[in-house]
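Trainee: Below is the structure I would like to discuss, written out as structure tokens.
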Amino acid sequence: MEQSGINASGSRPPPSRVTGIHRPGASEAHVSFRSRTAAAFPFVSAAIVVTTLAVSNTSQPASAHTRPSAPAAKLTLEHVGSDSTAFNVIATLVLGPKEALLWDTQYHLSDARRVADRIAASGRRLKAIVLSHPDHDHYMGAAAIVERFPGTPVYMTAKALEEYRKSAPQTFRGEKARTPQLLPDSIVTPQPLPSTTLTVDGEKLEVIPDVTGDVGTGTNSMLWIPSLRTVLASDVVFNDVHPWLGASDEASRVRWRESLARITALHPVAVIAGHKKDVAAPDSPAVVAVMDRYLTDFDSLRKTASGPQALYQAMTRKYPDHVVSNLLRFAAMGAFARQGEAVREELTAVNKAWGTARLAYDSAAYERMLTPDFYVLMGGQRVARQDFIRQVSQRPPGGRLVRFDNPIMSLTRDPNKDEWIAVVLEKLELERSTGDGSAPDRMYSVWVTRDGYRRVGSGWQIAYSEAIGSENWMGKKPPIPNW
Ligand SMILES: [Zn+2]
């Protein structure tokens, strides 16, 4: 049950690859992606959005009251978006009267340069850059911005930095080799975030560190701006863009949804997603509920969908307006690839238990392990459940089973039912006393069977076993490895 097309590392595919257009000529691949998506999605690459939020002072943080004579500096936000070749990622500038802080740095060089242009045009001093999490679409542009504003510190939480050190150099080398003209010539070396409280012209910003979002390891950070009652949610929230689910799983998505609940608990007036279909679209906090529903839908549809394509289609029907559909396609493939691995592990344990039961002639275990409609098919003959149980519950006269190995050779999900089908190689050894005191006879038996497994509650039962073929050897080991 191998899924091709997923990076072994689970890392996100480059844009040229997610389209299925993968050519050695990287620039060519990029161009074809662009022309293809341009037709489907509105182009927002040039969009820059300024958000000014009027918020009453009644909810000012305590610190604001400690210096009542100094009027609170009014912050504004500017967002720089990108097109679908950069997954519609956004970067946000927090601007005070004199200072600026940059939250994420864009992916492609051209977009990062637009960010730098905006900073220059604002006339503010770029105080710091904070990278919300160690994903390349958020940090790749950093080098181009630091080049324009030398000496600007670049921060990441210590935990995110650990991840970054492991993956970023390799990701950068790979991406740079594929699409050299799209990226800066280097990546930055961030420093650990010195404090979760930052300021812009004295106005407090709170980093909410190391929550779980699209990075399953819990290295997504968000920025809470109390004076604007705004959350820069980065990749905890995707706004009309299919989220990146390739680095999360069902368990981490439970924690992801807890992060969403944390946003809601702040009662923000605006929530800025890390990816937006239209950078100028309103940043209503309602996006949090949509995100929560998306994750819930994905994990519940994954359980009923027959495969990646069906899951992709079901999600597309529910979220027809979301863009960057290749992220969903990848998420669907990844979910089933991972599911296959998990199921293989569970069924291997089931088979081990079955082998143990067979050696012990444990009919109570057979009763537990076989579905009520279980059957065996051998040489075109159908054996009903109870007949089979009777047969394998009795030791043959003068003999007994001394080996029963049954490793899974291949595993697929039955597209018509909620069952999994394994091809199993059964290796049996039967010992039989000769009755005259000499060494016992040994019979070696090999069966290749196609077995069905059905999920029952939190476990599994075996639904059928159909023999594909078998061979027996008397007194001589079969020519099969590990025998
Ligand atoms: Zn992202």
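Just remember, in the structure tokens the first chain shown is A, the second B, etc., residues are 1-based per chain, and ligands are 1-based in the order shown.
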Which polymer residues have any atom within 6 Å of an atom of stretch 326-330 of chain A, counting only C-alpha atoms, with same-chain residues fewer than 3 positions away left out, as a ChimeraX atom specification?

Mentor: /A:18,242,244,312,333-334

Trainee: Give me, as a list in words, all polymer residues having an atom no more than 9 Å from A:Asp137, counting only C-alpha atoms and skipping those fewer than 6 positions away in the same chain.

Mentor: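 The neighbour list is Ala86, Phe87, Val89, Asp104, Thr105, Gln106, Tyr107 and His108 of chain A.
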
Trainee: Tell me, as an MDAnalysis selection string, which residues lie within 10 Å of A:Gly340, counting only C-alpha atoms; anything in the same chain fewer than 2 positions away does not count.

Mentor: chainID A and resid 1:3 334:338 342:346 411:413 420

Trainee: How would the residues just picked look written out with N, CA and C atoms as a PDB file, in the first residue's frame?

Mentor:
```
ATOM      1  N   MET A   1       0.865  -1.191   0.000  1.00  0.00           N
ATOM      2  CA  MET A   1       0.000   0.000   0.000  1.00  0.00           C
ATOM      3  C   MET A   1       0.892   1.229   0.000  1.00  0.00           C
ATOM      4  N   GLU A   2       1.629   1.383  -1.041  1.00  0.00           N
ATOM      5  CA  GLU A   2       2.544   2.511  -1.109  1.00  0.00           C
ATOM      6  C   GLU A   2       1.886   3.637  -1.880  1.00  0.00           C
ATOM      7  N   GLN A   3       2.077   4.818  -1.401  1.00  0.00           N
ATOM      8  CA  GLN A   3       1.580   5.990  -2.116  1.00  0.00           C
ATOM      9  C   GLN A   3       2.780   6.683  -2.734  1.00  0.00           C
ATOM     10  N   GLY A 334      -1.624  11.981   1.571  1.00  0.00           N
ATOM     11  CA  GLY A 334      -0.839  11.775   2.783  1.00  0.00           C
ATOM     12  C   GLY A 334      -1.656  11.080   3.859  1.00  0.00           C
ATOM     13  N   ALA A 335      -2.919  11.478   3.986  1.00  0.00           N
ATOM     14  CA  ALA A 335      -3.778  10.893   5.026  1.00  0.00           C
ATOM     15  C   ALA A 335      -3.938   9.395   4.794  1.00  0.00           C
ATOM     16  N   PHE A 336      -4.090   9.013   3.533  1.00  0.00           N
ATOM     17  CA  PHE A 336      -4.279   7.589   3.263  1.00  0.00           C
ATOM     18  C   PHE A 336      -2.969   6.817   3.331  1.00  0.00           C
ATOM     19  N   ALA A 337      -1.873   7.473   2.966  1.00  0.00           N
ATOM     20  CA  ALA A 337      -0.578   6.787   3.077  1.00  0.00           C
ATOM     21  C   ALA A 337      -0.296   6.476   4.536  1.00  0.00           C
ATOM     22  N   ARG A 338      -0.534   7.475   5.381  1.00  0.00           N
ATOM     23  CA  ARG A 338      -0.297   7.284   6.812  1.00  0.00           C
ATOM     24  C   ARG A 338      -1.258   6.257   7.389  1.00  0.00           C
ATOM     25  N   ALA A 342      -0.468   2.777   9.457  1.00  0.00           N
ATOM     26  CA  ALA A 342      -1.040   2.491  10.774  1.00  0.00           C
ATOM     27  C   ALA A 342      -1.822   1.179  10.737  1.00  0.00           C
ATOM     28  N   VAL A 343      -2.595   0.980   9.670  1.00  0.00           N
ATOM     29  CA  VAL A 343      -3.405  -0.232   9.553  1.00  0.00           C
ATOM     30  C   VAL A 343      -2.498  -1.455   9.433  1.00  0.00           C
ATOM     31  N   ARG A 344      -1.429  -1.317   8.674  1.00  0.00           N
ATOM     32  CA  ARG A 344      -0.507  -2.450   8.529  1.00  0.00           C
ATOM     33  C   ARG A 344       0.042  -2.879   9.892  1.00  0.00           C
ATOM     34  N   GLU A 345       0.376  -1.893  10.703  1.00  0.00           N
ATOM     35  CA  GLU A 345       0.888  -2.204  12.039  1.00  0.00           C
ATOM     36  C   GLU A 345      -0.168  -2.945  12.872  1.00  0.00           C
ATOM     37  N   GLU A 346      -1.388  -2.433  12.816  1.00  0.00           N
ATOM     38  CA  GLU A 346      -2.445  -3.048  13.620  1.00  0.00           C
ATOM     39  C   GLU A 346      -2.743  -4.467  13.140  1.00  0.00           C
ATOM     40  N   LEU A 411      -1.047  -4.808   1.290  1.00  0.00           N
ATOM     41  CA  LEU A 411      -2.265  -4.380   1.971  1.00  0.00           C
ATOM     42  C   LEU A 411      -2.954  -3.300   1.152  1.00  0.00           C
ATOM     43  N   THR A 412      -4.246  -3.483   0.945  1.00  0.00           N
ATOM     44  CA  THR A 412      -5.021  -2.440   0.259  1.00  0.00           C
ATOM     45  C   THR A 412      -6.364  -2.291   0.952  1.00  0.00           C
ATOM     46  N   ARG A 413      -6.947  -1.140   0.765  1.00  0.00           N
ATOM     47  CA  ARG A 413      -8.275  -0.938   1.323  1.00  0.00           C
ATOM     48  C   ARG A 413      -9.292  -1.357   0.278  1.00  0.00           C
ATOM     49  N   TRP A 420     -10.141  -3.961   4.893  1.00  0.00           N
ATOM     50  CA  TRP A 420      -8.794  -3.979   4.319  1.00  0.00           C
ATOM     51  C   TRP A 420      -8.481  -5.403   3.875  1.00  0.00           C
TER      52      TRP A 420
END
```

Trainee: Could you report the residues within 12 Å of ligand 1, using only C-alpha atoms and all ligand atoms, as a PyMOL selection string?

Mentor: chain A and resi 11-12+81-82+84+86-91+104-107+131-140+213-215+220-221+233-239+241-247+273-276+324+327

Trainee: Nearest to A:Thr196: which of A:Asn472, A:Thr157, A:Ser433, A:Thr219 is it, counting only C-alpha atoms?

Mentor: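 Checking each of A:Asn472, A:Thr157, A:Ser433, A:Thr219 against A:Thr196, counting only C-alpha atoms, the winner is A:Thr157.
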
Trainee: Which distance in Å separates atom CA of A:Phe149 and atom CA of A:Ala168, to one decimal?

Mentor: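 Answer for the atom CA of A:Phe149 to atom CA of A:Ala168 separation: 21.9 Å.
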
Trainee: Neighbouring residues of A:Glu426 were defined as those with any atom within 12 Å, considering only C-alpha atoms; residues of the same chain fewer than 4 positions away were excluded. Please report them as a PyMOL selection string.

Mentor: chain A and resi 351-352+354-355+358+403-409+422+444-451+465+467-472+480+483

Trainee: Step one, run DSSP on the backbone; step two, keep only residues of stretch 47-285 of chain A assigned to helix (DSSP H, G or I); then write them as a compact mmCIF listing (two decimals) with C-alpha atoms, in the first residue's frame.

Mentor:
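Below you can see states-v3.txt, which holds the result:
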```txt
# COMPACT_ATOMS: atom_id res chain seq x y z
CA ASN A 57 -9.59 51.86 24.63
CA THR A 58 -11.72 50.08 27.19
CA SER A 59 -9.86 46.84 26.65
CA ALA A 62 -2.86 47.01 32.18
CA SER A 63 0.45 48.34 30.97
CA ALA A 64 -1.31 51.09 29.04
CA HIS A 65 -2.77 52.39 32.28
CA THR A 66 0.63 52.63 33.92
CA SER A 84 -0.97 30.46 -5.69
CA THR A 85 2.57 29.56 -6.82
CA ALA A 86 3.55 30.71 -3.33
CA LEU A 109 12.17 36.63 -3.91
CA SER A 110 9.88 38.96 -5.85
CA ASP A 111 7.31 38.95 -3.05
CA ALA A 112 9.98 39.46 -0.39
CA ARG A 113 11.26 42.44 -2.37
CA ARG A 114 7.78 43.93 -2.33
CA VAL A 115 7.78 43.53 1.44
CA ALA A 116 11.12 45.33 1.61
CA ASP A 117 9.78 48.07 -0.66
CA ARG A 118 6.82 48.56 1.65
CA ILE A 119 9.07 48.85 4.67
CA ALA A 120 11.24 51.41 2.87
CA ALA A 121 8.20 53.37 1.71
CA SER A 122 6.75 53.41 5.23
CA HIS A 136 9.81 27.61 3.93
CA ASP A 137 6.95 29.65 2.52
CA HIS A 138 7.32 31.90 5.58
CA TYR A 139 11.10 32.16 5.94
CA ALA A 142 13.91 36.69 4.93
CA ALA A 143 17.40 36.93 3.42
CA ALA A 144 16.23 39.43 0.79
CA ILE A 145 14.67 41.63 3.45
CA VAL A 146 17.67 41.49 5.78
CA GLU A 147 19.86 42.38 2.82
CA ARG A 148 17.85 45.61 2.43
CA ALA A 158 13.68 28.20 20.42
CA LYS A 159 11.53 25.18 19.67
CA ALA A 160 10.80 26.33 16.11
CA LEU A 161 14.47 27.12 15.65
CA GLU A 162 15.40 23.57 16.54
CA GLU A 163 13.14 22.36 13.74
CA TYR A 164 14.46 25.04 11.39
CA ARG A 165 18.06 23.98 11.93
CA LYS A 166 17.15 20.43 11.04
CA SER A 167 15.14 21.05 7.90
CA ALA A 168 15.75 24.52 6.48
CA PRO A 169 19.24 24.09 4.97
CA GLN A 170 18.19 21.00 3.05
CA THR A 171 14.85 22.47 2.00
CA PHE A 172 16.61 25.58 0.78
CA ARG A 173 19.23 23.64 -1.21
CA GLY A 174 16.53 21.57 -2.90
CA GLU A 175 14.30 24.51 -3.71
CA LYS A 176 17.17 26.67 -4.88
CA ALA A 177 18.34 23.94 -7.23
CA ARG A 178 14.85 23.57 -8.70
CA PRO A 180 16.92 29.35 -8.53
CA GLN A 181 15.39 32.53 -9.88
CA LEU A 182 12.48 32.42 -7.44
CA PRO A 226 -3.97 43.73 22.33
CA SER A 227 -4.42 47.34 21.23
CA LEU A 228 -5.91 46.19 17.93
CA GLU A 250 -5.43 13.28 13.24
CA ALA A 251 -3.97 13.52 16.75
CA SER A 252 -2.10 16.73 16.12
CA ARG A 253 -5.18 18.18 14.44
CA VAL A 254 -7.00 17.78 17.74
CA ARG A 255 -4.34 20.04 19.25
CA TRP A 256 -4.62 22.30 16.20
CA ARG A 257 -8.28 22.80 17.01
CA GLU A 258 -7.32 23.64 20.59
CA SER A 259 -5.16 26.43 19.16
CA LEU A 260 -8.23 27.68 17.32
CA ALA A 261 -10.12 27.70 20.60
CA ARG A 262 -7.34 29.80 22.11
CA ILE A 263 -7.83 32.39 19.37
CA THR A 264 -11.56 32.49 20.01
CA ALA A 265 -10.98 32.89 23.75
```

Trainee: What is the distance between atom CA of A:Lys74 and atom CA of A:Arg124, in Å to one decimal?

Mentor: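 Going from atom CA of A:Lys74 over to atom CA of A:Arg124 covers 13.7 Å.
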
Trainee: According to DSSP computed on the backbone, where in stretch 50-232 of chain A is there strand (DSSP E or B)? Give the residues as a ChimeraX atom specification.

Mentor: /A:50-51,76-80,89,91-95,99-103,125-130,154-156,191-192,197-200,203-211,220-225,230-232

Trainee: For the atom pair atom CA of A:Asp299 and atom CA of A:Leu347, what is the interatomic distance in Å to one decimal place?

Mentor: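 Between these atoms lies a distance of 21.3 Å.
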